[in-house]
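Report on the structure given below.
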Amino acid sequence: ACICVIIGPAVGSNPLGIEGYKTIAFEVAEAMRWQVPDWFAVPVCYGDSLYGIWKGFEQLRALGWIDRVPRLLAAEVSGSLTQALADGTDVLPVCAGSASVATSIAAPQGTYQGLAALRASGGRSLRVRDEDILQWQAKLARLGLYAEASSVATLPAIERLRADRTIAPDETVVSLLTASGMKDSAALHGTVAAPPRIDADARSALNALRQTYGFDAER
């Protein structure tokens, strides 16, 4: 359930920290040779990174280095931004719910600046479920990339928008992975077996890899 509040809304982080998020836009634009993606997907807590990334792209556009700003996609677990967009309001609702495996983005209320960035870019916001997050975390792990549960929240959101053709088949999407799975390994407790304990030497590590995971160092 979501409840609208007026007193004491979330305001986000230190403004200087939010300015730092602009460098994500700068680095992505440079890596893509100044051809920006059609969509930029961000796992969202309050919306600090969302706003900073939008501001970075806007500044590059103002300088003439890029010709447009990508549409932003916010993936959240609370649904605050999602509800505000649907209601057409500037008052971000506080969304109560159960604890999520995506602990880094589990804030109950978004910020106005995050909402403004979504609207300015013609973007979208989706609430994602824990089971979909864990499924995508496992998919990435099979490809050799262990990402934090909160970090992969963008991927089920992208999948849904691809399925309903909101994101066209020929459109490019950049998904921001914000952290390694080592930041929050507790999300997998009860889902995968605990890793083996080893001594602090290479032989012990190789034995554990061989016995537990079937790794053959001779191959």
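Chain identifiers are assigned as A, B, and so on, following the order in which chains appear in the structure tokens; residues are numbered from 1 within each chain, and ligands are numbered from 1 in order of appearance.
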Self-check item: Nearby residues (only C-alpha atoms) at most 6 Å from A:Gly79, same-chain spacing under 3 positions excluded, as a list in words
Solution: Thr82, Gln83 and Arg127 of chain A
Exercise. Identify all residues of stretch 1-218 of chain A in helix (DSSP H, G or I) (DSSP on the backbone) and supply them as a PyMOL selection string.
Key: chain A and resi 15-20+22-31+48-63+80-87+103-105+112-121+130-142+150-163+181-188+202-213
Could you take the residues named above and write them with C-alpha atoms, as an mmCIF file, in the first residue's frame?
```cif
data_model
loop_
_atom_site.group_PDB
_atom_site.id
_atom_site.type_symbol
_atom_site.label_atom_id
_atom_site.label_comp_id
_atom_site.auth_asym_id
_atom_site.auth_seq_id
_atom_site.Cartn_x
_atom_site.Cartn_y
_atom_site.Cartn_z
ATOM 1 C CA PRO A 15 24.035 17.551 -3.464
ATOM 2 C CA LEU A 16 27.778 17.285 -4.106
ATOM 3 C CA GLY A 17 27.442 13.520 -4.116
ATOM 4 C CA ILE A 18 24.596 13.722 -6.610
ATOM 5 C CA GLU A 19 26.814 15.867 -8.841
ATOM 6 C CA GLY A 20 29.295 12.999 -8.846
ATOM 7 C CA LYS A 22 27.053 12.853 -13.645
ATOM 8 C CA THR A 23 30.354 11.112 -14.411
ATOM 9 C CA ILE A 24 28.415 7.911 -15.157
ATOM 10 C CA ALA A 25 26.733 9.694 -18.072
ATOM 11 C CA PHE A 26 30.068 11.153 -19.198
ATOM 12 C CA GLU A 27 31.815 7.768 -19.200
ATOM 13 C CA VAL A 28 28.998 5.943 -20.981
ATOM 14 C CA ALA A 29 28.745 8.628 -23.676
ATOM 15 C CA GLU A 30 32.506 8.536 -24.219
ATOM 16 C CA ALA A 31 32.574 4.717 -24.354
ATOM 17 C CA ASP A 48 19.986 10.286 -6.536
ATOM 18 C CA SER A 49 21.834 8.414 -9.277
ATOM 19 C CA LEU A 50 18.839 8.737 -11.584
ATOM 20 C CA TYR A 51 18.893 12.520 -11.297
ATOM 21 C CA GLY A 52 22.673 12.787 -11.508
ATOM 22 C CA ILE A 53 22.847 10.648 -14.647
ATOM 23 C CA TRP A 54 20.071 12.649 -16.296
ATOM 24 C CA LYS A 55 21.861 15.899 -15.418
ATOM 25 C CA GLY A 56 25.114 14.593 -16.879
ATOM 26 C CA PHE A 57 23.484 13.722 -20.189
ATOM 27 C CA GLU A 58 21.656 17.064 -20.232
ATOM 28 C CA GLN A 59 24.932 18.944 -19.815
ATOM 29 C CA LEU A 60 26.544 16.963 -22.634
ATOM 30 C CA ARG A 61 23.555 17.767 -24.842
ATOM 31 C CA ALA A 62 23.792 21.470 -23.973
ATOM 32 C CA LEU A 63 27.470 21.413 -24.968
ATOM 33 C CA SER A 80 7.098 5.124 -4.950
ATOM 34 C CA LEU A 81 8.276 6.627 -8.254
ATOM 35 C CA THR A 82 6.117 4.199 -10.209
ATOM 36 C CA GLN A 83 3.001 5.270 -8.316
ATOM 37 C CA ALA A 84 3.796 8.992 -8.576
ATOM 38 C CA LEU A 85 4.183 8.716 -12.366
ATOM 39 C CA ALA A 86 0.927 6.798 -12.653
ATOM 40 C CA ASP A 87 -0.934 9.331 -10.502
ATOM 41 C CA THR A 103 18.419 -4.073 0.396
ATOM 42 C CA SER A 104 20.347 -1.231 -1.270
ATOM 43 C CA ILE A 105 17.244 0.061 -3.054
ATOM 44 C CA TYR A 112 11.132 14.719 -6.415
ATOM 45 C CA GLN A 113 14.386 15.143 -8.358
ATOM 46 C CA GLY A 114 14.313 11.467 -9.381
ATOM 47 C CA LEU A 115 10.717 11.860 -10.523
ATOM 48 C CA ALA A 116 11.587 15.044 -12.428
ATOM 49 C CA ALA A 117 14.411 13.260 -14.263
ATOM 50 C CA LEU A 118 12.061 10.488 -15.352
ATOM 51 C CA ARG A 119 9.523 12.969 -16.676
ATOM 52 C CA ALA A 120 12.096 15.148 -18.409
ATOM 53 C CA SER A 121 13.545 12.152 -20.263
ATOM 54 C CA ASP A 130 12.299 -10.341 -5.433
ATOM 55 C CA GLU A 131 11.821 -13.614 -7.305
ATOM 56 C CA ASP A 132 12.604 -11.929 -10.627
ATOM 57 C CA ILE A 133 15.659 -10.208 -9.173
ATOM 58 C CA LEU A 134 17.046 -13.497 -7.828
ATOM 59 C CA GLN A 135 16.336 -15.228 -11.130
ATOM 60 C CA TRP A 136 18.316 -12.615 -13.027
ATOM 61 C CA GLN A 137 21.118 -12.682 -10.476
ATOM 62 C CA ALA A 138 21.439 -16.427 -11.138
ATOM 63 C CA LYS A 139 21.381 -15.878 -14.914
ATOM 64 C CA LEU A 140 24.271 -13.430 -14.690
ATOM 65 C CA ALA A 141 26.169 -15.757 -12.364
ATOM 66 C CA ARG A 142 25.984 -18.533 -14.962
ATOM 67 C CA SER A 150 19.904 -4.665 -5.920
ATOM 68 C CA SER A 151 22.142 -4.096 -8.912
ATOM 69 C CA VAL A 152 20.311 -6.510 -11.211
ATOM 70 C CA ALA A 153 16.848 -5.049 -10.524
ATOM 71 C CA THR A 154 17.031 -3.284 -13.885
ATOM 72 C CA LEU A 155 17.107 -6.543 -15.836
ATOM 73 C CA PRO A 156 13.568 -7.818 -15.078
ATOM 74 C CA ALA A 157 12.338 -4.272 -15.724
ATOM 75 C CA ILE A 158 14.029 -4.248 -19.135
ATOM 76 C CA GLU A 159 12.651 -7.715 -19.853
ATOM 77 C CA ARG A 160 9.088 -6.545 -19.192
ATOM 78 C CA LEU A 161 9.393 -3.447 -21.357
ATOM 79 C CA ARG A 162 10.966 -5.493 -24.146
ATOM 80 C CA ALA A 163 8.069 -7.943 -23.940
ATOM 81 C CA GLY A 181 27.455 -9.570 -5.210
ATOM 82 C CA MET A 182 30.116 -9.610 -2.505
ATOM 83 C CA LYS A 183 28.573 -6.388 -1.172
ATOM 84 C CA ASP A 184 25.433 -8.259 -0.119
ATOM 85 C CA SER A 185 25.959 -12.011 -0.221
ATOM 86 C CA ALA A 186 23.200 -12.462 2.391
ATOM 87 C CA ALA A 187 20.624 -12.141 -0.394
ATOM 88 C CA LEU A 188 21.498 -15.677 -1.498
ATOM 89 C CA ALA A 202 46.589 -21.746 -3.066
ATOM 90 C CA ARG A 203 46.541 -25.525 -2.538
ATOM 91 C CA SER A 204 43.542 -25.314 -0.222
ATOM 92 C CA ALA A 205 41.732 -23.055 -2.691
ATOM 93 C CA LEU A 206 42.373 -25.436 -5.608
ATOM 94 C CA ASN A 207 41.203 -28.425 -3.567
ATOM 95 C CA ALA A 208 37.975 -26.620 -2.674
ATOM 96 C CA LEU A 209 37.369 -25.656 -6.296
ATOM 97 C CA ARG A 210 37.935 -29.245 -7.401
ATOM 98 C CA GLN A 211 35.934 -30.989 -4.683
ATOM 99 C CA THR A 212 33.017 -28.551 -4.393
ATOM 100 C CA TYR A 213 32.668 -27.169 -7.899
#
```
Quiz item: Among stretch 24-214 of chain A, which ones does DSSP place in strand (DSSP E or B), written as a list in words?
Solution: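 Residues of stretch 24-214 of chain A classed as strand (DSSP E or B): Trp39, Phe40, Ala41, Val42, Pro43, Arg71, Leu72, Leu73, Ala74, Ala75, Glu76, Pro93, Val94, Cys95, Arg124, Ser125, Leu126, Arg127, Ala147, Val173, Val174, Ser175, Ser180, His189 and Val192 of chain A.
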Quiz prompt | Of the listed residues A:Tyr46, A:Trp65, A:Trp39, A:Tyr146, that which approaches A:Thr111 most closely, counting only C-alpha atoms | solution =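 Using only C-alpha atoms, the shortest distance to A:Thr111 belongs to A:Tyr46.
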Self-check item: atom CA of A:Thr89 to atom CA of A:Val77, distance in Å rounded to a single decimal
Solution: 19.2 Å
Practice problem: State, in Å with one decimal place, the distance from atom CA of A:Ala102 to atom CA of A:Gly12. | Solution: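 Here the two named atoms are 18.3 Å from each other.
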